[in-house]
$ cat coords-v6.txt   # compact mmCIF, C-alpha atoms
# COMPACT_ATOMS: atom_id res chain seq x y z
CA MET A 85 0.00 0.00 0.00
CA MET A 86 1.36 3.46 -0.86
CA LYS A 87 2.98 5.05 2.19
CA LYS A 88 2.89 8.77 1.43
CA LEU A 89 -0.53 9.63 2.86
CA PHE A 90 -0.89 11.09 6.33
CA VAL A 91 -0.93 9.20 9.61
CA PRO A 92 -4.45 8.42 10.88
CA ALA A 93 -5.59 10.73 13.65
CA LEU A 94 -6.50 7.82 15.89
CA SER A 95 -3.44 6.99 17.93
CA VAL A 96 -2.64 3.45 18.89
CA MET A 97 -1.52 2.21 22.26
CA ALA A 98 2.27 2.14 22.66
CA ILE A 99 3.68 -1.30 22.01
CA GLY A 100 7.10 -2.59 23.05
CA VAL A 101 9.25 -3.10 19.99
CA ILE A 102 10.44 -6.67 19.52
CA ALA A 103 13.20 -7.45 17.04
CA CYS A 104 12.15 -9.35 13.92
CA GLY A 105 12.65 -13.05 14.45
CA GLY A 106 13.08 -12.62 18.19
CA ASN A 107 11.08 -14.14 21.02
CA SER A 108 7.67 -12.65 21.68
CA ASN A 109 6.44 -11.14 24.93
CA SER A 110 2.82 -11.08 26.07
CA THR A 111 1.43 -7.73 24.88
CA THR A 112 -2.01 -6.23 25.09
CA GLN A 113 -3.92 -3.69 23.03
CA ASP A 114 -7.57 -2.89 23.77
CA SER A 115 -7.49 -5.74 26.33
CA THR A 116 -6.55 -8.29 23.65
CA THR A 117 -3.83 -10.66 24.82
CA VAL A 118 -1.23 -11.72 22.28
CA THR A 119 -0.97 -15.48 22.36
CA ALA A 120 0.73 -18.22 20.39
CA ASP A 121 -1.20 -19.65 17.46
CA THR A 122 -2.21 -23.20 18.37
CA SER A 123 -4.47 -23.75 15.36
CA SER A 124 -3.76 -26.51 12.86
CA ALA A 125 -3.06 -23.78 10.29
CA GLY A 126 -0.55 -21.91 12.39
CA ALA A 127 2.79 -22.98 10.92
CA LEU A 128 4.93 -22.93 7.81
CA VAL A 129 4.99 -25.98 5.57
CA THR A 130 8.41 -27.51 6.18
CA ASP A 131 8.14 -30.98 4.67
CA GLY A 132 8.40 -29.83 1.04
CA ALA A 133 4.78 -30.70 0.28
CA ASP A 134 3.93 -27.28 -1.10
CA ASN A 135 0.55 -26.35 -2.56
CA LEU A 136 -1.12 -29.57 -1.46
CA LEU A 137 -3.93 -30.40 0.93
CA SER A 138 -3.45 -33.08 3.54
CA ASP A 139 -6.25 -35.53 4.27
CA SER A 140 -6.94 -33.74 7.54
CA GLU A 141 -7.12 -30.37 5.78
CA LYS A 142 -9.56 -31.78 3.25
CA SER A 143 -11.74 -33.17 6.03
CA GLU A 144 -11.70 -29.78 7.75
CA GLY A 145 -12.92 -28.04 4.61
CA TRP A 146 -9.74 -26.36 3.40
CA VAL A 147 -9.51 -25.47 -0.32
CA LEU A 148 -6.38 -24.61 -2.31
CA LEU A 149 -6.35 -21.09 -3.74
CA PHE A 150 -3.12 -21.65 -5.70
CA ASN A 151 -2.31 -24.97 -7.37
CA GLY A 152 1.40 -24.25 -7.75
CA GLN A 153 1.29 -24.44 -11.55
CA ASN A 154 -0.81 -21.62 -13.01
CA LEU A 155 -3.12 -18.72 -12.20
CA ASP A 156 -6.35 -20.73 -12.32
CA GLY A 157 -8.85 -19.26 -9.88
CA TRP A 158 -7.39 -15.77 -10.18
CA HIS A 159 -7.78 -12.74 -12.44
CA ILE A 160 -6.31 -9.28 -12.73
CA TYR A 161 -8.29 -6.73 -10.70
CA LYS A 162 -11.17 -5.31 -12.76
CA GLY A 163 -9.76 -6.95 -15.91
CA LYS A 164 -6.87 -4.50 -16.11
CA GLN A 165 -3.81 -5.25 -18.23
CA SER A 166 -0.90 -6.71 -16.32
CA ASN A 167 2.24 -8.67 -17.04
CA SER A 168 3.51 -8.76 -13.48
CA TRP A 169 2.14 -12.07 -12.10
CA VAL A 170 3.54 -15.50 -12.94
CA ALA A 171 3.39 -19.01 -11.53
CA GLU A 172 6.92 -20.39 -11.34
CA ASN A 173 8.83 -22.88 -9.22
CA GLY A 174 5.72 -23.64 -7.18
CA THR A 175 5.19 -20.01 -6.22
CA LEU A 176 2.85 -17.22 -7.20
CA HIS A 177 5.38 -14.51 -8.05
CA CYS A 178 4.79 -10.79 -8.48
CA LEU A 179 7.60 -9.49 -10.68
CA GLY A 180 9.24 -6.33 -9.41
CA SER A 181 10.05 -3.19 -11.36
CA GLU A 182 12.64 -0.55 -10.57
CA LYS A 183 11.28 1.97 -13.07
CA ASP A 184 7.66 2.46 -14.10
CA LYS A 185 5.63 0.96 -11.27
CA SER A 186 2.36 1.50 -13.11
CA ASP A 187 3.25 0.00 -16.50
CA LYS A 188 0.97 -3.01 -16.96
CA ARG A 189 0.81 -3.57 -13.23
CA ALA A 190 -2.29 -4.50 -11.24
CA ASP A 191 -3.40 -6.59 -8.27
CA LEU A 192 -4.21 -10.28 -8.60
CA THR A 193 -7.73 -11.07 -7.37
CA SER A 194 -9.46 -14.31 -6.48
CA ASP A 195 -12.33 -15.35 -8.74
CA SER A 196 -14.41 -16.37 -5.73
CA THR A 197 -15.66 -14.20 -2.90
CA TYR A 198 -15.71 -15.04 0.80
CA GLU A 199 -17.60 -13.77 3.84
CA ASN A 200 -16.57 -15.70 6.95
CA PHE A 201 -13.32 -17.58 6.47
CA GLU A 202 -9.87 -18.61 7.60
CA PHE A 203 -7.10 -17.88 5.09
CA ILE A 204 -3.45 -18.98 5.23
CA THR A 205 -0.41 -18.52 3.03
CA ASP A 206 3.37 -18.61 3.13
CA TRP A 207 5.11 -15.59 1.62
CA LYS A 208 8.40 -13.78 1.29
CA ILE A 209 9.31 -10.34 0.00
CA ALA A 210 12.35 -8.83 -1.73
CA PRO A 211 14.61 -6.27 -0.03
CA GLN A 212 12.86 -2.89 0.33
CA GLY A 213 9.68 -4.57 -0.90
CA ASN A 214 6.10 -3.52 -0.24
CA SER A 215 2.87 -5.45 -0.80
CA GLY A 216 -0.24 -6.57 1.02
CA ILE A 217 -3.10 -9.04 1.24
CA ILE A 218 -6.45 -7.31 0.87
CA TYR A 219 -9.60 -9.19 1.88
CA LEU A 220 -13.34 -8.51 1.68
CA ALA A 221 -12.44 -6.56 -1.47
CA SER A 222 -14.90 -5.26 -4.03
CA GLU A 223 -14.18 -4.54 -7.69
CA LYS A 224 -16.48 -1.51 -7.70
CA TYR A 225 -13.60 0.85 -7.03
CA ASP A 226 -10.41 1.92 -8.78
CA ALA A 227 -8.31 -0.04 -6.28
CA ALA A 228 -9.03 -2.97 -3.99
CA TYR A 229 -7.71 -1.14 -0.93
CA LEU A 230 -10.56 1.36 -1.19
CA SER A 231 -12.94 -1.38 -0.06
CA GLY A 232 -11.09 -4.17 1.71
CA PRO A 233 -8.88 -4.10 4.81
CA GLU A 234 -5.23 -4.89 4.19
CA TYR A 235 -2.81 -7.22 5.93
CA GLN A 236 0.43 -5.32 5.38
CA LEU A 237 3.55 -6.99 3.93
CA ILE A 238 6.73 -4.90 3.80
CA ASP A 239 10.46 -4.94 4.47
CA ASP A 240 10.24 -3.38 7.93
CA GLU A 241 13.97 -2.99 8.37
CA ASN A 242 15.16 -1.71 4.98
CA PHE A 243 12.23 0.10 3.37
CA PRO A 244 13.65 3.37 1.94
CA GLU A 245 11.07 5.58 3.69
CA LYS A 246 10.36 5.97 7.39
CA LEU A 247 7.52 3.68 8.43
CA GLU A 248 4.85 4.42 10.98
CA GLY A 249 3.62 1.56 13.14
CA TRP A 250 0.46 1.09 11.08
CA GLN A 251 2.60 0.55 7.97
CA LYS A 252 4.55 -2.43 9.32
CA THR A 253 4.18 -6.11 8.55
CA GLY A 254 1.10 -7.74 10.01
CA ALA A 255 -0.63 -4.41 10.63
CA ASN A 256 -4.24 -3.68 9.86
CA TYR A 257 -2.90 -1.19 7.35
CA ALA A 258 -3.61 2.50 8.07
CA MET A 259 -5.81 1.50 11.00
CA ASP A 260 -3.79 -0.32 13.70
CA ALA A 261 -0.11 -0.96 14.33
CA PRO A 262 0.80 -4.64 14.76
CA LEU A 263 0.47 -5.93 18.31
CA VAL A 264 3.91 -7.50 18.04
CA ALA A 265 6.80 -7.50 15.55
CA ALA A 266 6.84 -11.06 14.21
CA ALA A 267 8.26 -10.88 10.66
CA LYS A 268 11.29 -12.95 9.72
CA PRO A 269 14.31 -11.34 8.04
CA VAL A 270 13.60 -10.25 4.48
CA GLY A 271 13.98 -13.08 1.97
CA GLU A 272 12.85 -15.76 4.43
CA TRP A 273 9.44 -17.41 4.26
CA ASN A 274 6.75 -16.15 6.63
CA HIS A 275 3.42 -17.74 7.52
CA THR A 276 0.28 -15.63 7.60
CA ARG A 277 -3.20 -16.46 8.86
CA ILE A 278 -6.24 -14.19 8.55
CA VAL A 279 -9.53 -15.01 10.25
CA VAL A 280 -12.74 -13.14 9.43
CA ASP A 281 -15.85 -14.19 11.36
CA LYS A 282 -18.94 -11.95 11.39
CA GLY A 283 -16.80 -8.83 11.20
CA HIS A 284 -14.31 -9.93 13.84
CA VAL A 285 -10.85 -10.06 12.28
CA GLU A 286 -7.56 -11.53 13.44
CA HIS A 287 -4.14 -11.26 11.78
CA TRP A 288 -1.50 -13.85 12.66
CA LEU A 289 2.14 -13.85 11.60
CA ASN A 290 4.52 -16.73 12.25
CA GLY A 291 2.32 -17.98 15.08
CA GLN A 292 1.81 -14.61 16.77
CA LYS A 293 -1.29 -12.43 16.71
CA THR A 294 -0.59 -9.04 15.15
CA ALA A 295 -4.11 -7.58 14.85
CA ASP A 296 -7.50 -8.14 16.46
CA TYR A 297 -10.43 -5.87 15.64
CA GLN A 298 -14.15 -5.68 14.96
CA ILE A 299 -15.37 -4.03 11.78
CA GLY A 300 -17.97 -1.43 12.70
CA SER A 301 -16.96 -1.09 16.35
CA PRO A 302 -16.67 2.44 17.80
CA GLU A 303 -12.86 2.20 17.77
CA TRP A 304 -12.80 0.97 14.18
CA THR A 305 -15.27 3.63 13.05
CA LYS A 306 -13.23 6.38 14.71
CA ALA A 307 -10.04 5.17 13.00
CA LYS A 308 -11.78 5.10 9.64
CA THR A 309 -13.46 8.48 9.86
CA GLU A 310 -10.44 10.32 11.26
CA GLY A 311 -7.69 8.63 9.25
CA LYS A 312 -6.64 7.71 5.76
CA TRP A 313 -10.00 6.17 4.82
CA LYS A 314 -12.19 9.13 5.82
CA ASP A 315 -13.07 9.78 2.16
CA ALA A 316 -13.19 6.09 1.15
CA LYS A 317 -16.88 5.54 1.75
CA GLY A 318 -16.73 1.90 0.67
CA TYR A 319 -13.87 0.91 2.98
CA GLY A 320 -14.91 -1.96 5.22
CA GLU A 321 -18.43 -2.05 3.78
CA THR A 322 -18.12 -5.24 1.69
CA LYS A 323 -19.58 -8.16 3.61
CA LYS A 324 -18.53 -10.83 1.09
CA GLY A 325 -15.49 -10.04 -1.02
CA HIS A 326 -12.40 -11.15 -2.90
CA ILE A 327 -8.92 -12.01 -1.68
CA ASP A 328 -6.61 -9.54 -3.43
CA LEU A 329 -2.81 -9.73 -3.69
CA GLN A 330 -1.37 -6.26 -4.02
CA ASP A 331 1.02 -5.35 -6.81
CA HIS A 332 3.00 -2.43 -5.43
CA GLY A 333 5.85 -2.74 -7.91
CA SER A 334 7.87 -5.00 -5.58
CA GLU A 335 8.83 -8.64 -5.84
CA VAL A 336 6.81 -10.87 -3.56
CA TRP A 337 6.21 -14.63 -3.57
CA PHE A 338 3.27 -16.68 -2.25
CA LYS A 339 2.71 -20.42 -1.84
CA ASN A 340 0.55 -22.80 0.19
CA MET A 341 -2.40 -20.46 -0.16
CA LYS A 342 -5.52 -22.04 1.32
CA ILE A 343 -8.93 -20.97 2.57
CA LYS A 344 -11.65 -22.51 4.72
CA GLN A 345 -15.12 -21.03 4.88
CA LEU A 346 -16.51 -20.73 8.40
$ encode --input "coords-v6.txt" --output "structure tokens"
Amino acid sequence: MMKKLFVPALSVMAIGVIACGGNSNSTTQDSTTVTADTSSAGALVTDGADNLLSDSEKSEGWVLLFNGQNLDGWHIYKGKQSNSWVAENGTLHCLGSEKDKSDKRADLTSDSTYENFEFITDWKIAPQGNSGIIYLASEKYDAAYLSGPEYQLIDDENFPEKLEGWQKTGANYAMDAPLVAAAKPVGEWNHTRIVVDKGHVEHWLNGQKTADYQIGSPEWTKAKTEGKWKDAKGYGETKKGHIDLQDHGSEVWFKNMKIKQL
């Protein structure tokens, strides 16, 4: 997500900074305790069986969103022209550009829409990279981020511009800073989990909760109306929407992308 717009007026509670890849401490924000992810979807795939469903996952209702071979199940946002997304080496790869970031670039959007769901993926980003996972997205607007909340992906340590807390990896972008710094060093694989259930949203990163909020709550409404999205009337209004992978001109890779409807 572009980082040049102003900081939202709603301040967030101060959070102790924890080095990327370090051990986590119990942290609270709005009385939400940060805990370890004990779900069956809470870890990286480490056995080499990428882009596959186990028998237990199938029985639990998980569905593959990326088959590891092609872009079936996906399309370019609003049918725009793009040459920046490829399936290669078992990954969904957004090709980076060091020059014209708008030349045939666009987000990659799921064909299907989802309302209440659990979504997981493994991802890594290039040095100084910037991207995001947008969910509950509508294609009624010029950009997916004008409707759907964004799980931020960025190189926290080396991004060439100063980052505010709400711009860092795992954040509810432009709304809430991450509850804990949980990203691995750039270039390493991370594991993300997003849960959306009747407007209650959780972000998880490498087994640690980084966001917990309720769409439509007084706190959420205040952040929206006083911050970056104050003129984005459709932000957070889509009840059933697309999963959208942001093309911000940076290289980013995804694999083991799965979803389970709740």
$ residues_near_point --input "coords-v6.txt" --point "(-2.4, -4.4, 17.9)" --cutoff "7 Å" --atoms "only C-alpha atoms" --output "list of chain:residue names"
A:Gln113, A:Asp260, A:Ala261, A:Pro262, A:Leu263, A:Thr294, A:Ala295, A:Asp296
$ closest_residue --input "coords-v6.txt" --among "A:Asn200, A:Asn256, A:Thr322, A:Thr205" --to "Leu346 (chain A)" --atoms "all atoms listed in the file"
A:Asn200
$ atom_distance --input "coords-v6.txt" --atom1 "CA of Leu247 (chain A)" --atom2 "CA of Ile217 (chain A)"
18.1 Å
$ closest_residue --input "coords-v6.txt" --among "A:Ser168, A:Ser143, A:Asn154, A:Thr122" --to "Leu329 (chain A)" --atoms "all atoms listed in the file"
A:Ser168
$ closest_residue --input "coords-v6.txt" --among "A:Val270, A:Ala210, A:Leu237, A:Leu192" --to "Ile327 (chain A)" --atoms "all atoms listed in the file"
A:Leu192
$ atom_distance --input "coords-v6.txt" --atom1 "CA of Asp121 (chain A)" --atom2 "CA of Leu149 (chain A)"
21.9 Å
$ residues_around --input "coords-v6.txt" --residues "Asp134 (chain A)" --least-positions-apart "3" --cutoff "8 Å" --atoms "all atoms listed in the file" --output "list in words"
Val129, Gly152, Gly174, Lys339 and Asn340 of chain A
$ build_atoms --input "coords-v6.txt" --residues "region 159-171 of chain A" --atoms "N, CA, C and O atoms" --output "compact mmCIF listing (two decimals), in the coordinates of the input"
# COMPACT_ATOMS: atom_id res chain seq x y z
N HIS A 159 -7.73 -13.65 -11.30
CA HIS A 159 -7.78 -12.74 -12.44
C HIS A 159 -7.19 -11.40 -12.03
O HIS A 159 -7.03 -11.11 -10.84
N ILE A 160 -6.83 -10.61 -13.02
CA ILE A 160 -6.31 -9.28 -12.73
C ILE A 160 -7.47 -8.37 -12.31
O ILE A 160 -8.55 -8.39 -12.90
N TYR A 161 -7.25 -7.58 -11.28
CA TYR A 161 -8.29 -6.73 -10.70
C TYR A 161 -8.99 -5.90 -11.78
O TYR A 161 -8.35 -5.19 -12.55
N LYS A 162 -10.30 -6.04 -11.83
CA LYS A 162 -11.17 -5.31 -12.76
C LYS A 162 -10.80 -5.53 -14.23
O LYS A 162 -11.13 -4.72 -15.09
N GLY A 163 -10.11 -6.64 -14.52
CA GLY A 163 -9.76 -6.95 -15.91
C GLY A 163 -8.70 -6.04 -16.49
O GLY A 163 -8.56 -5.94 -17.72
N LYS A 164 -7.93 -5.39 -15.62
CA LYS A 164 -6.87 -4.50 -16.11
C LYS A 164 -5.78 -5.30 -16.81
O LYS A 164 -5.67 -6.51 -16.64
N GLN A 165 -4.96 -4.61 -17.60
CA GLN A 165 -3.81 -5.25 -18.23
C GLN A 165 -2.67 -5.37 -17.23
O GLN A 165 -2.40 -4.44 -16.46
N SER A 166 -2.03 -6.51 -17.23
CA SER A 166 -0.90 -6.71 -16.32
C SER A 166 -0.01 -7.82 -16.85
O SER A 166 -0.49 -8.81 -17.40
N ASN A 167 1.29 -7.62 -16.70
CA ASN A 167 2.24 -8.67 -17.04
C ASN A 167 3.16 -8.97 -15.85
O ASN A 167 4.27 -9.45 -16.01
N SER A 168 2.64 -8.70 -14.65
CA SER A 168 3.51 -8.76 -13.48
C SER A 168 3.34 -10.00 -12.61
O SER A 168 4.08 -10.17 -11.64
N TRP A 169 2.37 -10.89 -12.93
CA TRP A 169 2.14 -12.07 -12.10
C TRP A 169 2.42 -13.34 -12.89
O TRP A 169 1.93 -13.52 -13.99
N VAL A 170 3.23 -14.23 -12.30
CA VAL A 170 3.54 -15.50 -12.94
C VAL A 170 3.53 -16.61 -11.90
O VAL A 170 3.73 -16.37 -10.70
N ALA A 171 3.24 -17.81 -12.36
CA ALA A 171 3.39 -19.01 -11.53
C ALA A 171 4.69 -19.67 -11.93
O ALA A 171 4.86 -20.05 -13.09
